[in-house]
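What follows is the content of data15.csv, which has CSV, C-alpha atoms and all ligand atoms:
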```
chain,number,residue,atom,x,y,z
I,1,MET,CA,-15.8,171.6,189.6
I,2,THR,CA,-18.1,171.1,186.6
I,3,CYS,CA,-21.7,169.9,186.7
I,4,GLU,CA,-21.2,167.0,184.2
I,5,GLY,CA,-24.2,166.5,181.9
I,6,ARG,CA,-26.0,169.7,182.9
I,7,LEU,CA,-25.9,170.9,179.2
I,8,ALA,CA,-26.1,167.4,177.6
I,9,GLY,CA,-27.3,167.6,174.0
I,10,ARG,CA,-27.4,171.4,173.8
I,11,ARG,CA,-25.9,173.3,170.9
I,12,ALA,CA,-23.9,176.4,171.7
I,13,LEU,CA,-22.2,179.2,169.8
I,14,VAL,CA,-19.4,181.2,171.4
I,15,THR,CA,-17.9,184.3,169.8
I,16,GLY,CA,-14.3,185.3,170.5
I,17,GLY,CA,-14.0,181.6,171.4
I,18,VAL,CA,-10.3,180.9,170.9
I,19,SER,CA,-8.8,183.1,173.6
I,20,GLY,CA,-9.2,184.0,177.2
I,21,ILE,CA,-12.7,183.9,178.6
I,22,GLY,CA,-14.2,182.7,175.3
I,23,ARG,CA,-11.9,179.7,175.1
I,24,ALA,CA,-12.5,178.8,178.8
I,25,THR,CA,-16.2,179.0,178.1
I,26,VAL,CA,-16.0,176.7,175.1
I,27,GLU,CA,-14.1,174.2,177.3
I,28,ARG,CA,-16.6,174.5,180.2
I,29,LEU,CA,-19.7,174.1,178.0
I,30,ILE,CA,-18.2,171.0,176.4
I,31,ALA,CA,-17.3,169.6,179.9
I,32,GLU,CA,-21.0,170.0,180.8
I,33,GLY,CA,-22.1,168.1,177.7
I,34,ALA,CA,-22.8,170.7,175.1
I,35,VAL,CA,-21.6,170.6,171.5
I,36,VAL,CA,-20.0,174.0,170.6
I,37,LEU,CA,-19.4,176.1,167.6
I,38,ALA,CA,-16.4,178.2,168.5
I,39,THR,CA,-16.1,181.3,166.4
I,40,ASP,CA,-13.6,184.1,166.2
I,41,ARG,CA,-12.2,186.6,163.7
I,42,HIS,CA,-9.3,184.3,162.8
I,43,ALA,CA,-9.1,182.0,159.7
I,44,ALA,CA,-9.4,178.3,160.4
I,45,ASP,CA,-5.7,177.7,160.0
I,46,HIS,CA,-4.7,180.1,162.7
I,47,PRO,CA,-2.5,178.3,165.3
I,48,ALA,CA,-5.0,179.1,168.2
I,49,VAL,CA,-7.8,177.6,166.2
I,50,VAL,CA,-5.8,174.5,165.3
I,51,ASP,CA,-4.8,174.0,168.9
I,52,LEU,CA,-8.4,174.4,170.2
I,53,THR,CA,-10.0,172.0,167.7
I,54,ALA,CA,-7.2,169.4,168.1
I,55,ARG,CA,-7.7,169.3,171.8
I,56,LEU,CA,-11.5,169.3,171.9
I,57,GLY,CA,-12.1,166.9,169.1
I,58,ASN,CA,-15.6,166.3,167.7
I,59,MET,CA,-17.3,168.3,170.5
I,60,VAL,CA,-16.2,171.5,168.9
I,61,ALA,CA,-16.5,173.0,165.4
I,62,TYR,CA,-14.9,176.2,164.3
I,63,LEU,CA,-16.2,179.0,162.0
I,64,PRO,CA,-14.6,182.3,161.3
I,65,LEU,CA,-17.0,185.0,162.5
I,66,ASP,CA,-16.3,188.7,162.7
I,67,VAL,CA,-19.1,189.9,165.0
I,68,THR,CA,-19.3,193.3,163.3
I,69,SER,CA,-20.3,191.7,160.0
I,70,GLU,CA,-24.0,191.2,159.2
I,71,GLU,CA,-23.0,188.8,156.4
I,72,ALA,CA,-20.8,186.7,158.7
I,73,TRP,CA,-23.6,186.3,161.2
I,74,ALA,CA,-25.9,185.2,158.3
I,75,SER,CA,-23.3,182.6,157.4
I,76,ALA,CA,-23.1,181.4,161.0
I,77,LEU,CA,-26.9,181.0,161.0
I,78,GLY,CA,-26.7,179.0,157.8
I,79,TRP,CA,-24.0,176.8,159.3
I,80,VAL,CA,-26.1,176.1,162.4
I,81,GLU,CA,-29.3,175.5,160.5
I,82,ALA,CA,-27.6,173.1,158.1
I,83,ASN,CA,-25.5,171.2,160.7
I,84,TRP,CA,-27.7,171.3,163.8
I,85,GLY,CA,-31.1,172.7,163.1
I,86,ALA,CA,-31.1,174.2,166.6
I,87,LEU,CA,-29.3,176.6,168.9
I,88,HIS,CA,-29.8,176.6,172.7
I,89,ILE,CA,-26.9,178.7,173.9
I,90,LEU,CA,-25.4,181.9,172.4
I,91,VAL,CA,-22.5,183.5,174.3
I,92,ASN,CA,-21.7,187.0,172.9
I,93,ASN,CA,-18.2,187.2,174.3
I,94,ALA,CA,-16.0,188.8,171.6
I,95,GLY,CA,-14.6,192.1,172.8
I,96,VAL,CA,-11.8,194.6,172.5
I,97,GLY,CA,-10.5,197.2,174.9
I,98,THR,CA,-8.9,200.5,174.0
I,99,THR,CA,-8.1,203.3,176.5
I,100,GLY,CA,-7.0,206.9,176.0
I,101,PRO,CA,-7.8,210.4,177.1
I,102,LEU,CA,-11.1,211.8,175.7
I,103,ALA,CA,-9.5,215.0,174.2
I,104,THR,CA,-7.5,212.9,171.7
I,105,PHE,CA,-9.6,209.7,171.4
I,106,SER,CA,-10.2,209.1,167.7
I,107,LEU,CA,-13.6,208.5,166.1
I,108,ALA,CA,-12.2,205.4,164.4
I,109,ASP,CA,-11.3,203.9,167.8
I,110,TRP,CA,-14.6,204.8,169.2
I,111,ASN,CA,-16.5,203.2,166.3
I,112,MET,CA,-14.3,200.1,166.4
I,113,VAL,CA,-15.0,199.5,170.1
I,114,MET,CA,-18.7,200.1,169.7
I,115,ALA,CA,-18.9,197.9,166.6
I,116,VAL,CA,-17.3,194.9,168.3
I,117,ASN,CA,-18.5,195.2,171.9
I,118,THR,CA,-22.0,196.5,171.3
I,119,THR,CA,-23.2,196.1,167.7
I,120,GLY,CA,-21.8,192.6,167.7
I,121,VAL,CA,-24.0,191.6,170.6
I,122,PHE,CA,-27.1,193.1,168.8
I,123,LEU,CA,-26.3,191.4,165.6
I,124,GLY,CA,-25.8,188.0,167.3
I,125,THR,CA,-29.0,188.3,169.3
I,126,ARG,CA,-31.0,189.4,166.3
I,127,THR,CA,-29.6,186.7,164.0
I,128,PHE,CA,-30.5,183.8,166.3
I,129,THR,CA,-33.7,185.1,167.8
I,130,GLU,CA,-36.1,183.0,165.7
I,131,LEU,CA,-34.0,179.8,165.7
I,132,MET,CA,-33.4,180.0,169.5
I,133,THR,CA,-37.1,180.6,170.0
I,134,ARG,CA,-37.9,177.3,168.3
I,135,SER,CA,-35.0,175.5,170.0
I,136,GLY,CA,-35.7,176.9,173.5
I,137,ALA,CA,-39.1,175.1,173.6
I,138,ASP,CA,-37.3,171.8,173.6
I,139,VAL,CA,-34.9,172.3,176.6
I,140,ALA,CA,-35.5,172.7,180.3
I,141,GLY,CA,-35.1,176.3,181.3
I,142,GLY,CA,-35.3,177.5,177.7
I,143,ALA,CA,-32.6,178.8,175.4
I,144,SER,CA,-30.1,181.2,176.9
I,145,ILE,CA,-28.2,184.2,175.6
I,146,VAL,CA,-25.2,185.2,177.7
I,147,ASN,CA,-23.7,188.6,177.0
I,148,ILE,CA,-20.2,189.3,178.3
I,149,SER,CA,-20.2,192.9,179.6
I,150,SER,CA,-17.8,194.0,182.3
I,151,ILE,CA,-17.6,195.6,185.7
I,152,TYR,CA,-16.9,198.6,183.4
I,153,GLY,CA,-20.4,198.3,182.1
I,154,ILE,CA,-21.5,199.2,185.7
I,155,VAL,CA,-18.9,201.6,187.0
I,156,GLY,CA,-16.7,204.0,185.1
I,157,ALA,CA,-12.9,203.8,184.7
I,158,MET,CA,-10.1,206.3,183.9
I,159,GLU,CA,-9.7,207.0,180.2
I,160,SER,CA,-12.2,204.3,179.2
I,161,GLY,CA,-15.0,206.3,177.7
I,162,ALA,CA,-15.6,204.0,174.6
I,163,TYR,CA,-15.2,200.8,176.6
I,164,ASN,CA,-17.5,202.0,179.4
I,165,ALA,CA,-20.1,203.1,176.9
I,166,SER,CA,-19.9,199.9,174.9
I,167,LYS,CA,-20.2,197.7,177.9
I,168,GLY,CA,-22.9,199.8,179.6
I,169,ALA,CA,-24.9,199.5,176.4
I,170,VAL,CA,-24.6,195.7,176.5
I,171,ARG,CA,-25.9,195.7,180.1
I,172,LEU,CA,-29.1,197.6,179.1
I,173,PHE,CA,-29.5,195.9,175.8
I,174,THR,CA,-29.6,192.6,177.7
I,175,LYS,CA,-32.4,193.8,179.9
I,176,SER,CA,-34.4,195.1,176.9
I,177,ALA,CA,-34.1,191.8,175.1
I,178,ALA,CA,-35.0,189.9,178.2
I,179,ILE,CA,-38.1,191.9,178.7
I,180,GLU,CA,-39.2,191.6,175.1
I,181,PHE,CA,-38.6,187.9,174.9
I,182,GLY,CA,-40.2,187.3,178.2
I,183,GLN,CA,-43.3,189.3,177.5
I,184,THR,CA,-43.8,187.8,174.1
I,185,ARG,CA,-43.3,184.4,175.6
I,186,ARG,CA,-40.2,183.4,173.6
I,187,PRO,CA,-38.4,180.7,175.6
I,188,VAL,CA,-35.1,182.6,175.4
I,189,ARG,CA,-33.5,184.0,178.6
I,190,VAL,CA,-31.0,186.8,178.2
I,191,ASN,CA,-28.5,187.7,180.9
I,192,SER,CA,-25.2,189.7,181.2
I,193,VAL,CA,-22.0,188.7,182.9
I,194,HIS,CA,-19.7,191.3,184.4
I,195,PRO,CA,-16.1,190.1,184.9
I,196,GLY,CA,-13.7,192.0,187.0
I,197,PHE,CA,-9.9,191.8,186.3
I,198,ILE,CA,-9.3,188.4,184.6
I,199,ARG,CA,-5.9,187.2,183.5
I,200,THR,CA,-6.3,186.9,179.8
I,201,PRO,CA,-4.4,188.1,176.7
I,202,MET,CA,-6.6,191.3,176.8
I,203,LEU,CA,-5.5,192.2,180.3
I,204,GLU,CA,-1.9,191.2,179.7
I,205,THR,CA,-1.7,193.4,176.5
I,206,GLY,CA,-3.2,196.3,178.6
I,207,ALA,CA,-0.5,195.8,181.3
I,208,ASP,CA,2.3,195.7,178.6
I,209,ASN,CA,0.9,198.9,177.1
I,210,PHE,CA,0.9,200.7,180.4
I,211,ALA,CA,4.5,199.7,180.9
I,212,ALA,CA,5.5,200.7,177.4
I,213,GLU,CA,3.9,204.2,178.0
I,214,GLY,CA,6.0,204.5,181.2
I,215,ARG,CA,2.9,204.7,183.4
I,216,VAL,CA,4.3,201.8,185.5
I,217,ALA,CA,7.8,200.5,185.6
I,218,LYS,CA,6.9,197.0,184.5
I,219,ALA,CA,3.7,195.1,183.5
I,220,ASP,CA,3.6,193.3,186.9
I,221,ASP,CA,3.2,196.6,188.6
I,222,PHE,CA,0.0,197.2,186.7
I,223,VAL,CA,-1.2,193.8,187.7
I,224,ALA,CA,-0.5,194.6,191.3
I,225,ILE,CA,-2.6,197.7,191.0
I,226,LEU,CA,-5.5,195.6,189.8
I,227,GLU,CA,-5.0,193.1,192.5
I,228,ALA,CA,-5.2,195.9,195.1
I,229,GLN,CA,-8.5,196.9,193.6
I,230,THR,CA,-9.8,193.3,194.1
I,231,ALA,CA,-11.2,192.4,197.6
I,232,ILE,CA,-9.8,188.9,197.5
I,233,GLY,CA,-6.4,190.1,196.3
I,234,ARG,CA,-5.8,188.3,193.0
I,235,LEU,CA,-6.8,188.4,189.4
I,236,GLY,CA,-9.6,186.1,188.3
I,237,LEU,CA,-9.2,183.2,186.0
I,238,PRO,CA,-11.1,182.7,182.7
I,239,ALA,CA,-12.5,179.5,184.1
I,240,GLU,CA,-14.1,181.4,186.9
I,241,ILE,CA,-16.1,183.4,184.4
I,242,ALA,CA,-16.9,180.4,182.3
I,243,ALA,CA,-18.5,178.8,185.4
I,244,GLY,CA,-20.9,181.6,185.6
I,245,VAL,CA,-21.7,181.4,181.9
I,246,ALA,CA,-22.4,177.7,182.2
I,247,PHE,CA,-24.8,178.3,185.1
I,248,LEU,CA,-26.7,181.0,183.2
I,249,ALA,CA,-26.9,178.7,180.2
I,250,SER,CA,-28.4,175.8,182.2
I,251,ALA,CA,-31.8,175.1,183.6
I,252,ASP,CA,-30.3,176.0,187.1
I,253,ALA,CA,-30.9,179.6,186.0
I,254,SER,CA,-34.4,178.9,184.6
I,255,PHE,CA,-35.9,181.9,186.5
I,256,MET,CA,-33.1,184.3,185.6
I,257,THR,CA,-33.5,186.7,182.7
I,258,GLY,CA,-32.4,190.4,182.4
I,259,SER,CA,-30.1,189.9,185.4
I,260,GLU,CA,-26.4,190.9,185.7
I,261,LEU,CA,-24.0,188.4,187.2
I,262,VAL,CA,-21.0,190.1,188.6
I,263,ILE,CA,-17.9,187.9,189.0
I,264,ASP,CA,-15.2,190.2,190.2
I,265,GLY,CA,-13.6,189.0,193.4
I,266,GLY,CA,-15.2,191.9,195.2
I,267,THR,CA,-13.9,194.8,193.1
I,268,THR,CA,-17.3,196.6,192.8
I,269,ALA,CA,-18.1,195.8,196.4
I,270,MET,CA,-15.1,198.0,197.5
I,301,LIG,N1,-10.0,190.1,180.8
I,301,LIG,C1,-10.7,191.0,181.6
I,301,LIG,O1,-10.2,191.4,182.6
I,301,LIG,C2,-12.1,191.3,181.2
I,301,LIG,C3,-12.9,192.0,182.2
I,301,LIG,C4,-14.2,192.3,181.9
I,301,LIG,C5,-14.8,192.0,180.7
I,301,LIG,N2,-14.0,191.3,179.7
I,301,LIG,C6,-14.6,190.9,178.5
I,301,LIG,O2,-14.5,189.5,178.3
I,301,LIG,C7,-14.6,189.3,176.9
I,301,LIG,C8,-13.4,188.4,176.5
I,301,LIG,O3,-12.2,189.1,176.7
I,301,LIG,P1,-10.8,188.4,177.1
I,301,LIG,O4,-10.3,189.1,178.3
I,301,LIG,O5,-11.0,186.9,177.1
I,301,LIG,O6,-10.0,188.9,175.9
I,301,LIG,P2,-9.1,188.2,174.7
I,301,LIG,O7,-8.5,189.3,174.0
I,301,LIG,O8,-8.3,187.1,175.3
I,301,LIG,O9,-10.2,187.5,173.8
I,301,LIG,C9,-11.1,188.3,173.0
I,301,LIG,C10,-11.4,187.5,171.8
I,301,LIG,O10,-12.3,188.3,171.0
I,301,LIG,C11,-11.9,188.1,169.7
I,301,LIG,N3,-12.4,189.2,168.8
I,301,LIG,C12,-12.0,190.5,168.9
I,301,LIG,N4,-12.6,191.2,167.9
I,301,LIG,C13,-13.5,190.4,167.3
I,301,LIG,C14,-14.4,190.5,166.2
I,301,LIG,N5,-14.6,191.6,165.5
I,301,LIG,N6,-15.1,189.4,165.8
I,301,LIG,C15,-14.9,188.2,166.4
I,301,LIG,N7,-14.0,188.0,167.5
I,301,LIG,C16,-13.3,189.1,167.9
I,301,LIG,C17,-10.4,188.1,169.7
I,301,LIG,O11,-9.8,187.5,168.5
I,301,LIG,C18,-10.2,187.2,170.9
I,301,LIG,O12,-10.2,185.8,170.6
I,301,LIG,C19,-14.6,190.6,176.2
I,301,LIG,O13,-15.9,191.0,175.8
I,301,LIG,C20,-14.0,191.6,177.2
I,301,LIG,O14,-14.4,192.9,177.0
I,301,LIG,C21,-12.7,191.0,180.0
```
In structure tokens, write the structure found in this file.
Amino acid sequence: MTCEGRLAGRRALVTGGVSGIGRATVERLIAEGAVVLATDRHAADHPAVVDLTARLGNMVAYLPLDVTSEEAWASALGWVEANWGALHILVNNAGVGTTGPLATFSLADWNMVMAVNTTGVFLGTRTFTELMTRSGADVAGGASIVNISSIYGIVGAMESGAYNASKGAVRLFTKSAAIEFGQTRRPVRVNSVHPGFIRTPMLETGADNFAAEGRVAKADDFVAILEAQTAIGRLGLPAEIAAGVAFLASADASFMTGSELVIDGGTTAM
């Protein structure tokens, strides 16, 4: 169920927007009336980009944006200023997951995970702070930044040091930005979302890797382990995370900032 029109007229930017949770978020924000700039690391002629823009028509635009690049963020700001002059919603969703035992985990992999999952969130927030401050004054509930962390930004997981560190950093960065913006009276709320196990290409790649390493007989066995760690006994859907993002983006969440929205089917309750 969508709340049609709840985001009417708002301008939104979503990173990592052509796959999984990001793609579902783009679709949900549009369903609620927003116009969306979907961004991702891919060139505009990538099949996933072509498919997304063909299906969503003139409610979506696409811009290549590697979230680790300061220059790319500056270009995105330039695009938004030139085409919209405002930004009301920023969803810092792009992310990568890499696992491995600490004793052999490479510095290159550590830096890569931190650059995408943590530095990308900082750069996006910093880049759009001034424009969202101006834009937020014009919409009920103010502008909204939603940072996609993870349940693994709250609890630890086996052989996930870099991912845990990167997502835990997002959780507290979110609170810091929320306090700063609130106390300096910028009309920009900042919240984090903490998905549990969601059926996306990231999770499916992880399942395939576990099977390839012989840790489980087949990828479905890995999925079954995750389902067993979920109180309601199934994986989540990207749309179930997107629903939470849309809520935080809207005036329905006007008194929420610095909060963490856990959407995990009860995993962290167990
Ligand atoms: N799937 C899950 O179970 C799960 C659970 C908790 C949190 N998350 C988080 O949700 C977010 C979305 O993940 P997903 O499961 O949809 O994965 P996904 O792999 O389907 O999508 C991630 C997207 O991020 C993009 N991306 C990666 N590096 C990038 C970069 N440097 N610049 C721009 N874009 C980049 C990818 O191209 C891809 O489109 C991530 O932050 C992930 O950590 C996922």
At a cut-off of 10 Å, using all atoms listed in the file, what residues contact I:Ala143? Leave out same-chain residues fewer than 4 positions from it and give the result as an NGL selection string.
:I and (10-12 or 87-90 or 129 or 131-139 or 186-190 or 249-251 or 254)
Mind giving me the straight-line distance from atom CA of I:Ala43 to atom CA of I:Gly22 in Å, one decimal?
16.4 Å
Once you count all atoms listed in the file, what closest atom pair and distance in Å to one decimal does each residue of chain I within 8 Å of ligand LIG 301 (chain I) have, with rows by chain and rising residue number, as CSV?
```
residue,atom,partner,partner_atom,distance
I:Thr15,CA,I:LIG301,N7,5.8
I:Gly16,CA,I:LIG301,O10,3.6
I:Gly17,CA,I:LIG301,O12,5.7
I:Val18,CA,I:LIG301,O12,4.9
I:Ser19,CA,I:LIG301,O12,4.3
I:Gly20,CA,I:LIG301,O5,3.4
I:Ile21,CA,I:LIG301,O5,3.8
I:Gly22,CA,I:LIG301,O5,5.6
I:Arg23,CA,I:LIG301,O5,7.5
I:Thr39,CA,I:LIG301,C15,7.0
I:Asp40,CA,I:LIG301,N7,4.1
I:Arg41,CA,I:LIG301,C15,4.1
I:His42,CA,I:LIG301,O11,6.6
I:Pro64,CA,I:LIG301,C15,7.8
I:Leu65,CA,I:LIG301,C15,5.5
I:Asp66,CA,I:LIG301,N6,3.4
I:Val67,CA,I:LIG301,N6,4.1
I:Thr68,CA,I:LIG301,N5,5.5
I:Ser69,CA,I:LIG301,N5,7.9
I:Asn92,CA,I:LIG301,O13,7.6
I:Asn93,CA,I:LIG301,O13,4.7
I:Ala94,CA,I:LIG301,O10,3.8
I:Gly95,CA,I:LIG301,O13,3.4
I:Val96,CA,I:LIG301,C12,5.5
I:Gly97,CA,I:LIG301,O14,6.2
I:Ala115,CA,I:LIG301,N5,7.7
I:Val116,CA,I:LIG301,N5,5.1
I:Asn117,CA,I:LIG301,O13,6.3
I:Gly120,CA,I:LIG301,N5,7.6
I:Ile148,CA,I:LIG301,O13,5.3
I:Ser149,CA,I:LIG301,C5,5.6
I:Ser150,CA,I:LIG301,C5,3.9
I:Ile151,CA,I:LIG301,C4,6.1
I:Tyr152,CA,I:LIG301,C4,7.0
I:Tyr163,CA,I:LIG301,O14,8.0
I:Lys167,CA,I:LIG301,O14,7.6
I:His194,CA,I:LIG301,C4,6.1
I:Pro195,CA,I:LIG301,C4,4.2
I:Gly196,CA,I:LIG301,C3,4.9
I:Phe197,CA,I:LIG301,O1,3.7
I:Ile198,CA,I:LIG301,O1,3.7
I:Arg199,CA,I:LIG301,N1,5.7
I:Thr200,CA,I:LIG301,O4,4.8
I:Pro201,CA,I:LIG301,O8,4.3
I:Met202,CA,I:LIG301,O7,3.9
I:Leu203,CA,I:LIG301,N1,5.0
I:Gly236,CA,I:LIG301,O1,7.8
I:Pro238,CA,I:LIG301,O5,7.0
```
Can I get the selected residues back with C-alpha atoms, as a PDB file, in the frame of the given file?
```
ATOM      1  CA  THR I  15     -17.900 184.300 169.800  1.00  0.00           C
ATOM      2  CA  GLY I  16     -14.300 185.300 170.500  1.00  0.00           C
ATOM      3  CA  GLY I  17     -14.000 181.600 171.400  1.00  0.00           C
ATOM      4  CA  VAL I  18     -10.300 180.900 170.900  1.00  0.00           C
ATOM      5  CA  SER I  19      -8.800 183.100 173.600  1.00  0.00           C
ATOM      6  CA  GLY I  20      -9.200 184.000 177.200  1.00  0.00           C
ATOM      7  CA  ILE I  21     -12.700 183.900 178.600  1.00  0.00           C
ATOM      8  CA  GLY I  22     -14.200 182.700 175.300  1.00  0.00           C
ATOM      9  CA  ARG I  23     -11.900 179.700 175.100  1.00  0.00           C
ATOM     10  CA  THR I  39     -16.100 181.300 166.400  1.00  0.00           C
ATOM     11  CA  ASP I  40     -13.600 184.100 166.200  1.00  0.00           C
ATOM     12  CA  ARG I  41     -12.200 186.600 163.700  1.00  0.00           C
ATOM     13  CA  HIS I  42      -9.300 184.300 162.800  1.00  0.00           C
ATOM     14  CA  PRO I  64     -14.600 182.300 161.300  1.00  0.00           C
ATOM     15  CA  LEU I  65     -17.000 185.000 162.500  1.00  0.00           C
ATOM     16  CA  ASP I  66     -16.300 188.700 162.700  1.00  0.00           C
ATOM     17  CA  VAL I  67     -19.100 189.900 165.000  1.00  0.00           C
ATOM     18  CA  THR I  68     -19.300 193.300 163.300  1.00  0.00           C
ATOM     19  CA  SER I  69     -20.300 191.700 160.000  1.00  0.00           C
ATOM     20  CA  ASN I  92     -21.700 187.000 172.900  1.00  0.00           C
ATOM     21  CA  ASN I  93     -18.200 187.200 174.300  1.00  0.00           C
ATOM     22  CA  ALA I  94     -16.000 188.800 171.600  1.00  0.00           C
ATOM     23  CA  GLY I  95     -14.600 192.100 172.800  1.00  0.00           C
ATOM     24  CA  VAL I  96     -11.800 194.600 172.500  1.00  0.00           C
ATOM     25  CA  GLY I  97     -10.500 197.200 174.900  1.00  0.00           C
ATOM     26  CA  ALA I 115     -18.900 197.900 166.600  1.00  0.00           C
ATOM     27  CA  VAL I 116     -17.300 194.900 168.300  1.00  0.00           C
ATOM     28  CA  ASN I 117     -18.500 195.200 171.900  1.00  0.00           C
ATOM     29  CA  GLY I 120     -21.800 192.600 167.700  1.00  0.00           C
ATOM     30  CA  ILE I 148     -20.200 189.300 178.300  1.00  0.00           C
ATOM     31  CA  SER I 149     -20.200 192.900 179.600  1.00  0.00           C
ATOM     32  CA  SER I 150     -17.800 194.000 182.300  1.00  0.00           C
ATOM     33  CA  ILE I 151     -17.600 195.600 185.700  1.00  0.00           C
ATOM     34  CA  TYR I 152     -16.900 198.600 183.400  1.00  0.00           C
ATOM     35  CA  TYR I 163     -15.200 200.800 176.600  1.00  0.00           C
ATOM     36  CA  LYS I 167     -20.200 197.700 177.900  1.00  0.00           C
ATOM     37  CA  HIS I 194     -19.700 191.300 184.400  1.00  0.00           C
ATOM     38  CA  PRO I 195     -16.100 190.100 184.900  1.00  0.00           C
ATOM     39  CA  GLY I 196     -13.700 192.000 187.000  1.00  0.00           C
ATOM     40  CA  PHE I 197      -9.900 191.800 186.300  1.00  0.00           C
ATOM     41  CA  ILE I 198      -9.300 188.400 184.600  1.00  0.00           C
ATOM     42  CA  ARG I 199      -5.900 187.200 183.500  1.00  0.00           C
ATOM     43  CA  THR I 200      -6.300 186.900 179.800  1.00  0.00           C
ATOM     44  CA  PRO I 201      -4.400 188.100 176.700  1.00  0.00           C
ATOM     45  CA  MET I 202      -6.600 191.300 176.800  1.00  0.00           C
ATOM     46  CA  LEU I 203      -5.500 192.200 180.300  1.00  0.00           C
ATOM     47  CA  GLY I 236      -9.600 186.100 188.300  1.00  0.00           C
ATOM     48  CA  PRO I 238     -11.100 182.700 182.700  1.00  0.00           C
TER      49      PRO I 238
END
```
Closest of I:Phe181, I:Lys218, I:Gly100, I:Gly124 to I:Glu71 - atom-to-atom distances counting all atoms listed in the file:
I:Gly124
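Taking atom CA of I:Leu77 as the reference point, atom CA of I:Ala61 is found at 13.8 Å.
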